[in-house]
$ cat query.cif   # mmCIF, C-alpha atoms and all ligand atoms
data_work
#
loop_
_atom_site.label_atom_id
_atom_site.label_comp_id
_atom_site.auth_asym_id
_atom_site.auth_seq_id
_atom_site.Cartn_x
_atom_site.Cartn_y
_atom_site.Cartn_z
CA MET A 1 100.34 95.02 6.46
CA THR A 2 102.47 93.36 3.82
CA SER A 3 101.34 92.47 0.32
CA LYS A 4 100.20 89.08 1.57
CA ASP A 5 96.79 87.71 0.54
CA HIS A 6 93.86 88.30 2.81
CA LEU A 7 92.78 85.25 4.81
CA ILE A 8 89.04 85.61 5.36
CA ILE A 9 87.87 84.66 8.83
CA PHE A 10 84.35 83.28 8.74
CA ASP A 11 83.05 82.86 12.26
CA THR A 12 80.31 80.30 12.76
CA THR A 13 80.00 80.43 16.56
CA LEU A 14 76.40 81.58 16.20
CA ARG A 15 75.50 78.74 13.82
CA ASP A 16 77.73 75.64 14.08
CA GLY A 17 78.88 76.73 17.56
CA GLU A 18 75.27 76.87 18.63
CA GLN A 19 74.90 73.25 17.48
CA SER A 20 77.00 72.16 20.49
CA PRO A 21 74.49 70.28 22.60
CA GLY A 22 73.36 72.72 25.29
CA ALA A 23 74.81 75.87 23.70
CA SER A 24 71.72 77.42 22.18
CA MET A 25 71.53 81.21 22.34
CA THR A 26 68.72 83.73 22.39
CA ARG A 27 68.38 86.48 19.81
CA ASP A 28 69.80 89.11 22.16
CA GLU A 29 72.73 86.89 23.13
CA LYS A 30 73.52 86.37 19.46
CA VAL A 31 73.44 90.11 18.86
CA ARG A 32 75.86 90.71 21.77
CA ILE A 33 78.29 88.11 20.43
CA ALA A 34 77.95 89.41 16.87
CA LYS A 35 78.86 92.92 18.05
CA ALA A 36 81.97 91.57 19.77
CA LEU A 37 82.94 89.66 16.62
CA GLU A 38 82.42 92.79 14.54
CA ARG A 39 84.64 94.76 16.94
CA MET A 40 87.30 92.08 16.47
CA ARG A 41 86.96 92.69 12.69
CA VAL A 42 85.80 89.19 11.75
CA ASP A 43 85.08 89.24 8.01
CA VAL A 44 81.96 87.05 7.92
CA ILE A 45 79.59 86.19 10.77
CA GLU A 46 77.36 83.17 10.18
CA ALA A 47 74.48 84.22 12.38
CA GLY A 48 72.29 81.13 12.18
CA PHE A 49 70.07 78.82 10.17
CA PRO A 50 66.91 80.88 9.51
CA ILE A 51 64.65 77.96 8.55
CA ALA A 52 65.56 76.09 11.76
CA SER A 53 63.12 77.97 13.99
CA PRO A 54 61.24 81.29 14.18
CA GLY A 55 63.68 82.32 16.94
CA ASP A 56 66.68 81.67 14.75
CA PHE A 57 65.09 83.56 11.88
CA GLU A 58 64.59 86.55 14.20
CA ALA A 59 68.17 86.22 15.49
CA VAL A 60 69.67 86.29 11.98
CA LYS A 61 67.45 89.23 11.11
CA ALA A 62 68.51 91.12 14.26
CA VAL A 63 72.21 90.44 13.65
CA ALA A 64 71.79 91.55 10.03
CA ALA A 65 70.16 94.79 11.19
CA THR A 66 72.86 95.50 13.79
CA VAL A 67 76.18 94.54 12.25
CA LYS A 68 77.55 96.97 9.68
CA GLU A 69 81.27 96.20 9.31
CA SER A 70 81.21 92.40 8.95
CA ARG A 71 79.30 90.44 6.34
CA VAL A 72 76.33 88.54 7.83
CA CYS A 73 75.59 85.04 6.59
CA GLY A 74 72.63 82.69 6.93
CA LEU A 75 72.72 78.93 6.31
CA ALA A 76 70.25 77.15 4.02
CA ARG A 77 69.96 73.58 2.77
CA ALA A 78 69.81 73.37 -1.03
CA LEU A 79 66.04 73.76 -0.86
CA ASP A 80 63.96 76.65 -2.14
CA LYS A 81 62.13 77.14 1.17
CA ASP A 82 65.41 77.36 3.11
CA ILE A 83 66.97 79.75 0.64
CA ASP A 84 63.92 82.01 0.56
CA ARG A 85 63.83 82.12 4.36
CA ALA A 86 67.54 82.97 4.52
CA GLY A 87 67.07 85.66 1.86
CA GLU A 88 64.23 87.16 3.91
CA ALA A 89 66.23 87.10 7.17
CA LEU A 90 69.18 88.82 5.51
CA ALA A 91 67.19 91.45 3.61
CA GLY A 92 68.25 94.22 6.02
CA ALA A 93 71.94 93.37 6.02
CA ASN A 94 74.52 95.88 4.92
CA ALA A 95 76.38 92.99 3.31
CA GLY A 96 74.70 89.58 3.33
CA ARG A 97 75.65 86.11 2.22
CA ILE A 98 73.60 82.96 1.71
CA HIS A 99 75.45 79.75 2.48
CA THR A 100 73.78 76.77 0.87
CA PHE A 101 74.83 73.14 1.13
CA ILE A 102 74.06 69.59 0.07
CA ALA A 103 75.96 66.41 0.83
CA THR A 104 78.21 64.83 -1.80
CA SER A 105 79.68 61.77 -0.07
CA PRO A 106 78.42 58.32 -1.12
CA ILE A 107 77.15 57.51 2.37
CA HIS A 108 75.21 60.76 2.70
CA MET A 109 73.78 60.61 -0.83
CA GLN A 110 72.71 56.97 -0.53
CA ARG A 111 71.70 56.69 3.12
CA LYS A 112 70.56 60.17 4.05
CA LEU A 113 69.37 61.90 0.89
CA ASN A 114 68.42 58.85 -1.15
CA MET A 115 69.52 60.71 -4.26
CA THR A 116 71.77 59.91 -7.21
CA PRO A 117 74.92 61.98 -7.78
CA ASP A 118 73.31 63.60 -10.84
CA GLN A 119 70.30 64.65 -8.79
CA VAL A 120 72.59 66.11 -6.11
CA LEU A 121 74.54 68.04 -8.71
CA ALA A 122 71.39 69.46 -10.29
CA GLN A 123 70.00 70.49 -6.89
CA ALA A 124 73.27 72.16 -5.92
CA VAL A 125 73.27 74.25 -9.11
CA HIS A 126 69.61 75.15 -8.70
CA ALA A 127 70.21 76.21 -5.07
CA VAL A 128 73.06 78.53 -6.00
CA GLN A 129 71.00 80.09 -8.81
CA ARG A 130 68.07 80.64 -6.46
CA ALA A 131 70.29 82.15 -3.76
CA ARG A 132 71.70 84.55 -6.37
CA ARG A 133 68.19 86.06 -6.67
CA TYR A 134 68.75 87.49 -3.18
CA THR A 135 72.43 88.35 -3.13
CA ASP A 136 75.49 88.25 -5.32
CA ASP A 137 77.43 86.73 -2.41
CA VAL A 138 76.65 83.02 -2.38
CA GLU A 139 78.67 80.30 -0.71
CA PHE A 140 78.23 76.63 -1.52
CA SER A 141 79.33 73.65 0.62
CA PRO A 142 79.45 70.02 -0.53
CA GLU A 143 78.69 68.56 2.89
CA ASP A 144 80.99 65.70 3.94
CA ALA A 145 83.48 66.71 1.22
CA GLY A 146 86.16 65.05 3.36
CA ARG A 147 84.64 61.66 2.49
CA SER A 148 83.47 62.50 -1.03
CA GLU A 149 84.81 61.03 -4.22
CA ILE A 150 87.21 63.50 -5.83
CA ASP A 151 85.93 63.32 -9.44
CA PHE A 152 82.38 63.99 -8.32
CA LEU A 153 83.51 66.78 -6.01
CA CYS A 154 85.29 68.44 -8.95
CA ARG A 155 82.16 68.19 -11.13
CA VAL A 156 79.92 69.69 -8.45
CA LEU A 157 82.30 72.52 -7.61
CA GLU A 158 82.88 73.45 -11.24
CA ALA A 159 79.11 73.55 -11.81
CA VAL A 160 78.29 75.67 -8.75
CA ILE A 161 81.05 78.14 -9.57
CA ASP A 162 79.56 78.46 -13.05
CA ALA A 163 76.17 78.99 -11.44
CA GLY A 164 77.51 81.94 -9.43
CA ALA A 165 78.98 80.67 -6.14
CA GLY A 166 81.77 83.07 -5.20
CA THR A 167 82.97 80.93 -2.30
CA VAL A 168 83.22 77.15 -2.31
CA ASN A 169 83.63 75.73 1.15
CA ILE A 170 85.15 72.28 1.67
CA PRO A 171 83.81 70.80 4.90
CA ASP A 172 85.45 67.94 6.72
CA THR A 173 82.07 67.41 8.30
CA VAL A 174 83.00 64.45 10.49
CA GLY A 175 86.63 65.38 11.22
CA TYR A 176 87.91 62.35 9.32
CA ASN A 177 90.86 63.88 7.46
CA ILE A 178 94.46 64.35 8.53
CA PRO A 179 96.53 67.44 7.70
CA ASP A 180 98.72 66.42 4.74
CA GLN A 181 95.79 64.61 3.12
CA PHE A 182 93.39 67.53 3.60
CA GLY A 183 96.00 70.01 2.38
CA SER A 184 96.55 68.01 -0.79
CA LEU A 185 92.78 67.69 -1.32
CA ILE A 186 92.55 71.50 -1.45
CA ARG A 187 95.53 71.73 -3.79
CA THR A 188 94.11 69.04 -6.11
CA LEU A 189 90.70 70.71 -6.26
CA ARG A 190 92.27 74.06 -7.12
CA GLU A 191 94.40 72.47 -9.81
CA ARG A 192 91.75 70.26 -11.38
CA ILE A 193 88.69 72.51 -11.45
CA PRO A 194 88.96 74.62 -14.63
CA ASN A 195 87.18 77.69 -13.20
CA ALA A 196 88.75 77.41 -9.71
CA ASP A 197 90.21 80.90 -9.89
CA LYS A 198 86.70 82.40 -10.06
CA ALA A 199 85.96 81.35 -6.46
CA ILE A 200 87.52 81.60 -3.04
CA PHE A 201 88.28 78.22 -1.53
CA SER A 202 87.18 77.91 2.07
CA VAL A 203 87.49 75.14 4.64
CA HIS A 204 85.30 74.06 7.53
CA CYS A 205 86.90 71.41 9.74
CA HIS A 206 85.41 69.48 12.62
CA ASN A 207 87.46 68.29 15.55
CA ASP A 208 86.45 64.66 16.02
CA LEU A 209 90.11 63.55 16.00
CA GLY A 210 91.45 66.79 17.46
CA LEU A 211 92.75 67.86 14.02
CA ALA A 212 90.40 70.68 13.05
CA VAL A 213 92.96 73.47 13.45
CA ALA A 214 95.81 71.47 11.90
CA ASN A 215 93.64 70.49 8.93
CA SER A 216 92.48 74.08 8.40
CA LEU A 217 96.05 75.38 8.48
CA ALA A 218 97.23 72.69 6.05
CA ALA A 219 94.45 73.85 3.72
CA VAL A 220 95.55 77.47 4.02
CA ARG A 221 99.10 76.45 3.11
CA ASN A 222 97.59 74.87 0.00
CA GLY A 223 95.60 77.84 -1.19
CA ALA A 224 92.44 78.06 0.94
CA ARG A 225 91.70 81.73 1.61
CA GLN A 226 88.76 81.45 3.97
CA VAL A 227 88.65 79.49 7.22
CA GLU A 228 85.42 78.72 9.02
CA CYS A 229 85.93 78.58 12.75
CA THR A 230 84.38 79.29 16.13
CA ILE A 231 85.33 81.03 19.35
CA ASN A 232 86.77 78.52 21.84
CA GLY A 233 86.34 75.81 19.18
CA LEU A 234 82.64 75.44 20.01
CA GLY A 235 80.56 73.35 17.60
CA GLU A 236 78.74 70.15 16.73
CA ARG A 237 80.15 67.11 18.66
CA ALA A 238 83.86 67.77 19.38
CA GLY A 239 83.54 71.21 17.84
CA ASN A 240 85.02 73.24 15.00
CA ALA A 241 88.46 74.72 14.44
CA ALA A 242 89.12 77.30 17.17
CA LEU A 243 89.28 80.83 15.74
CA GLU A 244 91.86 82.00 18.26
CA GLU A 245 94.24 79.16 17.39
CA ILE A 246 93.94 79.70 13.63
CA VAL A 247 94.41 83.44 13.86
CA MET A 248 97.32 83.33 16.29
CA THR A 249 99.12 80.59 14.35
CA VAL A 250 98.93 82.51 11.10
CA ARG A 251 100.11 85.63 12.92
CA THR A 252 102.86 83.98 14.98
CA ARG A 253 104.19 81.93 12.07
CA GLN A 254 104.02 84.58 9.36
CA ASP A 255 107.09 82.94 7.88
CA LEU A 256 104.96 79.93 6.88
CA PHE A 257 101.87 81.61 5.44
CA GLU A 258 101.32 83.65 2.29
CA CYS A 259 98.26 85.31 3.78
CA GLN A 260 97.22 87.24 6.87
CA THR A 261 93.97 87.99 8.67
CA ARG A 262 92.68 91.50 9.40
CA LEU A 263 91.60 90.71 12.93
CA ASP A 264 92.23 92.86 15.97
CA THR A 265 93.62 90.02 18.05
CA THR A 266 93.48 92.05 21.27
CA GLN A 267 89.71 91.36 21.22
CA ILE A 268 90.16 87.58 21.40
CA MET A 269 89.87 87.24 25.20
CA ASN A 270 86.83 89.49 25.24
CA CYS A 271 85.07 87.23 22.70
CA SER A 272 86.21 84.07 24.45
CA ARG A 273 84.88 85.19 27.85
CA LEU A 274 81.63 86.43 26.34
CA VAL A 275 80.93 83.16 24.49
CA SER A 276 81.88 81.08 27.52
CA GLY A 277 79.69 83.21 29.81
CA ILE A 278 76.65 83.11 27.52
CA THR A 279 76.80 79.41 26.64
CA GLY A 280 78.01 78.20 30.05
CA PHE A 281 80.79 76.24 28.30
CA ALA A 282 83.86 76.67 30.50
CA VAL A 283 87.24 76.99 28.79
CA GLN A 284 89.70 74.36 29.96
CA PRO A 285 92.70 75.96 31.77
CA ASN A 286 95.26 74.47 29.39
CA LYS A 287 93.36 75.54 26.24
CA ALA A 288 95.72 77.21 23.74
CA VAL A 289 95.60 81.02 23.62
CA VAL A 290 92.49 81.56 25.79
CA GLY A 291 92.92 79.07 28.66
CA ALA A 292 93.75 80.51 32.08
CA ASN A 293 97.18 78.84 31.97
CA ALA A 294 98.03 79.81 28.38
CA PHE A 295 100.40 82.53 29.58
CA ALA A 296 101.13 81.27 33.12
CA HIS A 297 104.54 79.99 34.18
CA GLU A 298 105.03 77.77 37.23
CA SER A 299 108.38 76.07 37.05
CA GLY A 300 111.44 77.85 38.43
CA ILE A 301 113.42 77.29 35.24
CA HIS A 302 110.69 78.80 33.07
CA GLN A 303 110.01 81.68 35.43
CA ASP A 304 113.70 82.53 35.64
CA GLY A 305 113.96 82.37 31.82
CA VAL A 306 110.93 84.60 31.23
CA LEU A 307 112.12 87.13 33.81
CA LYS A 308 115.45 87.31 31.97
CA HIS A 309 113.92 87.39 28.48
CA ARG A 310 110.22 86.82 27.74
CA GLU A 311 110.86 84.97 24.49
CA THR A 312 112.71 82.15 26.24
CA TYR A 313 109.34 80.53 26.95
CA GLU A 314 106.72 82.67 25.16
CA ILE A 315 105.98 82.70 21.43
CA MET A 316 103.14 85.21 21.69
CA ARG A 317 102.51 88.21 23.93
CA ALA A 318 99.62 87.79 26.36
CA GLU A 319 98.63 91.41 25.68
CA ASP A 320 98.26 90.68 21.95
CA VAL A 321 95.31 88.39 22.61
CA GLY A 322 93.75 90.59 25.27
CA TRP A 323 95.20 89.27 28.52
CA ASN A 324 96.51 91.98 30.90
CA ALA A 325 99.90 90.30 31.10
CA ASN A 326 101.56 86.95 31.47
CA ARG A 327 101.43 85.42 34.94
CA MET A 328 103.92 83.83 37.29
CA VAL A 329 102.17 81.19 39.33
CA MET A 330 103.81 80.71 42.72
CA GLY A 331 103.94 76.99 43.47
CA LYS A 332 106.31 74.23 44.49
CA HIS A 333 108.24 74.44 41.20
CA SER A 334 108.87 78.17 41.48
CA GLY A 335 112.41 79.42 41.98
CA ARG A 336 114.10 82.11 44.06
CA ASN A 337 114.19 84.66 41.22
CA ALA A 338 110.42 84.52 40.68
CA PHE A 339 109.85 84.58 44.45
CA ARG A 340 112.00 87.68 44.90
CA THR A 341 110.38 89.39 41.88
CA ARG A 342 106.86 88.73 43.15
CA LEU A 343 107.75 90.15 46.57
CA GLN A 344 109.13 93.26 44.89
CA GLU A 345 105.94 93.61 42.84
CA LEU A 346 103.97 93.43 46.09
CA GLY A 347 106.14 96.20 47.52
CA ILE A 348 107.78 93.88 50.07
CA VAL A 349 111.42 94.70 50.67
CA MET A 350 113.43 92.04 52.51
CA GLY A 351 115.90 93.55 54.94
CA SER A 352 118.66 91.01 54.35
CA GLU A 353 119.61 87.94 52.30
CA GLU A 354 118.97 85.80 55.44
CA GLU A 355 115.41 87.10 55.64
CA LEU A 356 114.88 86.27 51.99
CA ASN A 357 116.29 82.76 52.48
CA ALA A 358 114.10 82.12 55.52
CA ALA A 359 111.02 83.34 53.64
CA PHE A 360 111.89 81.23 50.59
CA SER A 361 112.30 78.13 52.71
CA ARG A 362 108.89 78.70 54.39
CA PHE A 363 107.44 79.27 50.93
CA LYS A 364 108.73 75.87 49.71
CA ASP A 365 107.28 74.11 52.78
CA LEU A 366 103.92 75.71 52.21
CA ALA A 367 104.03 75.02 48.45
CA ASP A 368 104.31 71.29 49.17
CA LYS A 369 100.95 71.50 50.92
CA LYS A 370 99.04 73.84 48.52
CA HIS A 371 98.46 73.87 44.74
CA GLU A 372 99.08 77.58 44.39
CA ILE A 373 100.50 80.18 46.73
CA PHE A 374 98.55 83.42 46.64
CA ASP A 375 99.73 86.94 47.44
CA GLU A 376 98.13 86.79 50.91
CA ASP A 377 100.11 83.59 51.64
CA LEU A 378 103.32 85.37 50.61
CA GLN A 379 102.49 88.32 52.79
CA ALA A 380 101.95 86.08 55.83
CA LEU A 381 105.03 83.94 55.40
CA VAL A 382 107.26 86.96 54.86
CA THR A 383 106.06 88.49 58.11
CA ASP A 384 106.81 85.20 59.93
CA ALA A 385 110.22 84.88 58.27
CA THR A 386 111.15 88.44 59.29
CA LEU A 387 110.38 87.54 62.90
CA ASP A 388 112.47 84.32 62.61
CA ALA A 389 115.53 85.83 60.94
O1 LIG B 401 80.04 70.50 9.01
C1 LIG B 401 79.43 70.82 7.97
O2 LIG B 401 79.52 70.16 6.93
C2 LIG B 401 78.62 72.02 8.02
C3 LIG B 401 78.10 72.52 6.71
C4 LIG B 401 76.75 73.07 6.81
C5 LIG B 401 79.10 73.49 6.14
O3 LIG B 401 78.46 72.60 9.05
ZN ZN B 402 79.98 72.01 10.57
#

$ encode --input "query.cif" --output "C-alpha cells"
Amino acid sequence: MTSKDHLIIFDTTLRDGEQSPGASMTRDEKVRIAKALERMRVDVIEAGFPIASPGDFEAVKAVAATVKESRVCGLARALDKDIDRAGEALAGANAGRIHTFIATSPIHMQRKLNMTPDQVLAQAVHAVQRARRYTDDVEFSPEDAGRSEIDFLCRVLEAVIDAGAGTVNIPDTVGYNIPDQFGSLIRTLRERIPNADKAIFSVHCHNDLGLAVANSLAAVRNGARQVECTINGLGERAGNAALEEIVMTVRTRQDLFECQTRLDTTQIMNCSRLVSGITGFAVQPNKAVVGANAFAHESGIHQDGVLKHRETYEIMRAEDVGWNANRMVMGKHSGRNAFRTRLQELGIVMGSEEELNAAFSRFKDLADKKHEIFDEDLQALVTDATLDA
C-alpha cells in the first residue's frame, strides 16, 4: 500500500439495499451477508434500521454480535426513540456507529417535515448529541442534500460537527445531481465549513439517472473519503452506487485517485452471488465487474487480441474480482485463433490444417443457427469434420 489516504467503504446493502422493493432479508440472511462483507474487509456495514421493525432490530443486534472486524452501523431518524433503539441494537458491537439523518432540502422541510430550517438545524444537533451518549462514532446525513440550499447545508454541517458528528454524509437522495456539479458541491462544502477538517466527508448517491457511481467518484476526487454503496447496486428505486464498480474504478485508475480502499477484491464475486441468491435479484449479464459477460469475449478480433496479450481488451483481471478466469465465448463472431485454442484446451488435436479448416467451416455454419456454441457442440463437429476431411 502506498501513502495514499484511506477510502472508507460503507456498505449499505443490508439497509438501503434492503429497501429495494422485494429485497427484504431475514435476520439469518443478513448475518450471512454481513460475514461475507467482513471477509471482504468492508470498513462499515450498515446492518439496518432498528426502529423499522422488531425483526430489523434483531437483525442489527445479531450482526453486531457476529461481526468483529468491520464497524457495524444502525440507521436512526433524528428522533430520540430511533436513536435509543439503534443504541440498544448496537450495544454488543465491537465497534458500532449510529447514523442519524434529517432532511434539509426546501421541499422535504416544507412538504414532508413541516418544519422551519431553524427547527431542522436544532433537531439535527440534538440528534447527534443524543447519539453520542451511546457511541463516539456518530454519522449525520442531511437527507436530500443534493437538492438543499448550500448556505443552509453549511450551517447544519458546521453545527453537527461541533456537536460531535465524526462523519458527515452528503446524500444525493433522489439521484438528481450530475458528476461535475456533485464533485464541486463536496469541494465547496469542505472549503466553506470552518470545522470541515474535524469530520470525514462521505457520499451516498442514488442511481435514478444512472449516475450514482460517477457522482460518487467525482466526490472522491474532490475530497470525500467515505463512499456509501451496495453490492450489485441494490437499493431504493433504481438503487445505490454499486460497491464493485466504485472499488474497481479506484483500484484500476490509481493514477486518478489520491486514496485507496482496503478491500480484498477477490471476494467481490462471492458477495455478488450471495446477495443475488438471497434477494432473488438477478444480475444483468452486461453488468460491470460482476455480470456474466464482464470478462467474456465473443468477437474474433477481441479474442485474437486477448490471446496475444490480455491487456488488449481487458483493463482488470477476472481473477482479481473473484472470477476463475476470463472466458472466450464461441459464437458467430469468433475467429480461427480462438477456435483452435479452445480445441487445444479441450485436448482435441487436429490431424491436419485441412481438418481444422473443415471443422472451422462447420463451426461457422452452426454458429449462424445458435447463440453460443458449447464444448459438446465443438466435440461433435470436430468428429464430423475429421470424417469429412
Ligand atoms: O438516500 C438517502 O438520503 C438515505 C439517507 C438515510 C442517508 O438513504
Ligand atoms: Zn439512500

$ closest_residue --input "query.cif" --among "A:Val168, A:Val174, A:Leu366, A:Val283" --to "ligand LIG 401 (chain B)" --atoms "only C-alpha atoms and all ligand atoms"
A:Val174

$ axis_aligned_box --input "query.cif" --around "ligand LIG 401 (chain B)" --padding-each-side "4 Å" --output "lines of an AutoDock Vina configuration file"
center_x = 78.4
center_y = 71.8
center_z = 7.6
size_x = 11.3
size_y = 11.3
size_z = 10.9

$ residues_near_ligand --input "query.cif" --ligand "ligand ZN 402 (chain B)" --cutoff "10 Å" --atoms "all atoms listed in the file" --output "list in words"
Thr12, Arg15, Asp16, Gly17, Gln19, Glu143, Asp144, Pro171, Asp172, Thr173, Val174, Gly175, His204, Cys205, His206, Asn207, Glu228, Cys229, Gly235, Glu236, Arg237, Gly239, Asn240 and Ala241 of chain A

$ write_last_selection --input "query.cif" --atoms "C-alpha atoms" --output "mmCIF file, keeping the file's coordinate frame"
data_model
loop_
_atom_site.group_PDB
_atom_site.id
_atom_site.type_symbol
_atom_site.label_atom_id
_atom_site.label_comp_id
_atom_site.auth_asym_id
_atom_site.auth_seq_id
_atom_site.Cartn_x
_atom_site.Cartn_y
_atom_site.Cartn_z
ATOM 1 C CA THR A 12 80.310 80.300 12.760
ATOM 2 C CA ARG A 15 75.500 78.740 13.820
ATOM 3 C CA ASP A 16 77.730 75.640 14.080
ATOM 4 C CA GLY A 17 78.880 76.730 17.560
ATOM 5 C CA GLN A 19 74.900 73.250 17.480
ATOM 6 C CA GLU A 143 78.690 68.560 2.890
ATOM 7 C CA ASP A 144 80.990 65.700 3.940
ATOM 8 C CA PRO A 171 83.810 70.800 4.900
ATOM 9 C CA ASP A 172 85.450 67.940 6.720
ATOM 10 C CA THR A 173 82.070 67.410 8.300
ATOM 11 C CA VAL A 174 83.000 64.450 10.490
ATOM 12 C CA GLY A 175 86.630 65.380 11.220
ATOM 13 C CA HIS A 204 85.300 74.060 7.530
ATOM 14 C CA CYS A 205 86.900 71.410 9.740
ATOM 15 C CA HIS A 206 85.410 69.480 12.620
ATOM 16 C CA ASN A 207 87.460 68.290 15.550
ATOM 17 C CA GLU A 228 85.420 78.720 9.020
ATOM 18 C CA CYS A 229 85.930 78.580 12.750
ATOM 19 C CA GLY A 235 80.560 73.350 17.600
ATOM 20 C CA GLU A 236 78.740 70.150 16.730
ATOM 21 C CA ARG A 237 80.150 67.110 18.660
ATOM 22 C CA GLY A 239 83.540 71.210 17.840
ATOM 23 C CA ASN A 240 85.020 73.240 15.000
ATOM 24 C CA ALA A 241 88.460 74.720 14.440
#

$ closest_residue --input "query.cif" --among "A:Glu29, A:Asp118, A:Glu46, A:Asp162" --to "ligand LIG 401 (chain B)" --atoms "only C-alpha atoms and all ligand atoms"
A:Glu46

$ closest_residue --input "query.cif" --among "A:Pro117, A:Gly347, A:Gly146, A:Pro106" --to "ligand LIG 401 (chain B)" --atoms "all atoms listed in the file"
A:Gly146

$ residues_around --input "query.cif" --residues "stretch 338-346 of chain A" --least-positions-apart "3" --cutoff "12 Å" --atoms "only C-alpha atoms" --output "CSV table (one decimal) with C-alpha atoms, keeping the file's coordinate frame"
chain,number,residue,atom,x,y,z
A,297,HIS,CA,104.5,80.0,34.2
A,298,GLU,CA,105.0,77.8,37.2
A,299,SER,CA,108.4,76.1,37.0
A,300,GLY,CA,111.4,77.8,38.4
A,301,ILE,CA,113.4,77.3,35.2
A,302,HIS,CA,110.7,78.8,33.1
A,303,GLN,CA,110.0,81.7,35.4
A,304,ASP,CA,113.7,82.5,35.6
A,305,GLY,CA,114.0,82.4,31.8
A,306,VAL,CA,110.9,84.6,31.2
A,307,LEU,CA,112.1,87.1,33.8
A,308,LYS,CA,115.4,87.3,32.0
A,327,ARG,CA,101.4,85.4,34.9
A,328,MET,CA,103.9,83.8,37.3
A,329,VAL,CA,102.2,81.2,39.3
A,330,MET,CA,103.8,80.7,42.7
A,331,GLY,CA,103.9,77.0,43.5
A,332,LYS,CA,106.3,74.2,44.5
A,333,HIS,CA,108.2,74.4,41.2
A,334,SER,CA,108.9,78.2,41.5
A,335,GLY,CA,112.4,79.4,42.0
A,349,VAL,CA,111.4,94.7,50.7
A,350,MET,CA,113.4,92.0,52.5
A,353,GLU,CA,119.6,87.9,52.3
A,355,GLU,CA,115.4,87.1,55.6
A,356,LEU,CA,114.9,86.3,52.0
A,357,ASN,CA,116.3,82.8,52.5
A,359,ALA,CA,111.0,83.3,53.6
A,360,PHE,CA,111.9,81.2,50.6
A,361,SER,CA,112.3,78.1,52.7
A,362,ARG,CA,108.9,78.7,54.4
A,363,PHE,CA,107.4,79.3,50.9
A,364,LYS,CA,108.7,75.9,49.7
A,367,ALA,CA,104.0,75.0,48.4
A,373,ILE,CA,100.5,80.2,46.7
A,374,PHE,CA,98.6,83.4,46.6
A,375,ASP,CA,99.7,86.9,47.4
A,376,GLU,CA,98.1,86.8,50.9
A,377,ASP,CA,100.1,83.6,51.6
A,378,LEU,CA,103.3,85.4,50.6
A,379,GLN,CA,102.5,88.3,52.8
A,380,ALA,CA,102.0,86.1,55.8
A,381,LEU,CA,105.0,83.9,55.4
A,382,VAL,CA,107.3,87.0,54.9
A,383,THR,CA,106.1,88.5,58.1

$ closest_residue --input "query.cif" --among "A:Val289, A:Ile98, A:Ser3, A:Arg71" --to "A:Thr249" --atoms "only C-alpha atoms"
A:Val289

$ closest_residue --input "query.cif" --among "A:Thr13, A:Gln119, A:Ser24, A:Asn169" --to "ligand LIG 401 (chain B)" --atoms "all atoms listed in the file"
A:Asn169

$ closest_residue --input "query.cif" --among "A:Gly48, A:Pro54, A:Pro142, A:Gly87" --to "ligand LIG 401 (chain B)" --atoms "all atoms listed in the file"
A:Pro142

$ residues_around --input "query.cif" --residues "A:Val63" --least-positions-apart "5" --cutoff "8 Å" --atoms "only C-alpha atoms" --output "list in words"
Lys30, Val31, Ala34, Ala47 and Val72 of chain A

$ atom_distance --input "query.cif" --atom1 "atom CA of A:Asp137" --atom2 "atom CA of A:Gly164"
8.5 Å

$ atom_distance --input "query.cif" --atom1 "atom CA of A:Asp197" --atom2 "atom CA of A:Ala224"
11.4 Å

$ atom_distance --input "query.cif" --atom1 "atom CA of A:Glu354" --atom2 "atom CA of A:Ala296"
28.9 Å

$ residues_around --input "query.cif" --residues "A:Thr135" --least-positions-apart "3" --cutoff "9 Å" --atoms "all atoms listed in the file" --output "MDAnalysis selection string"
chainID A and resid 87 95:98 131:132 138

$ residues_near_point --input "query.cif" --point "(86.9, 78.2, -11.3)" --cutoff "10 Å" --atoms "all atoms listed in the file" --output "PyMOL selection string"
chain A and resi 157-162+165-166+168+189-201

$ residues_near_point --input "query.cif" --point "(93.6, 83.5, 24.6)" --cutoff "6 Å" --atoms "all atoms listed in the file" --output "list of chain:residue names"
A:Met269, A:Val289, A:Val290, A:Val321
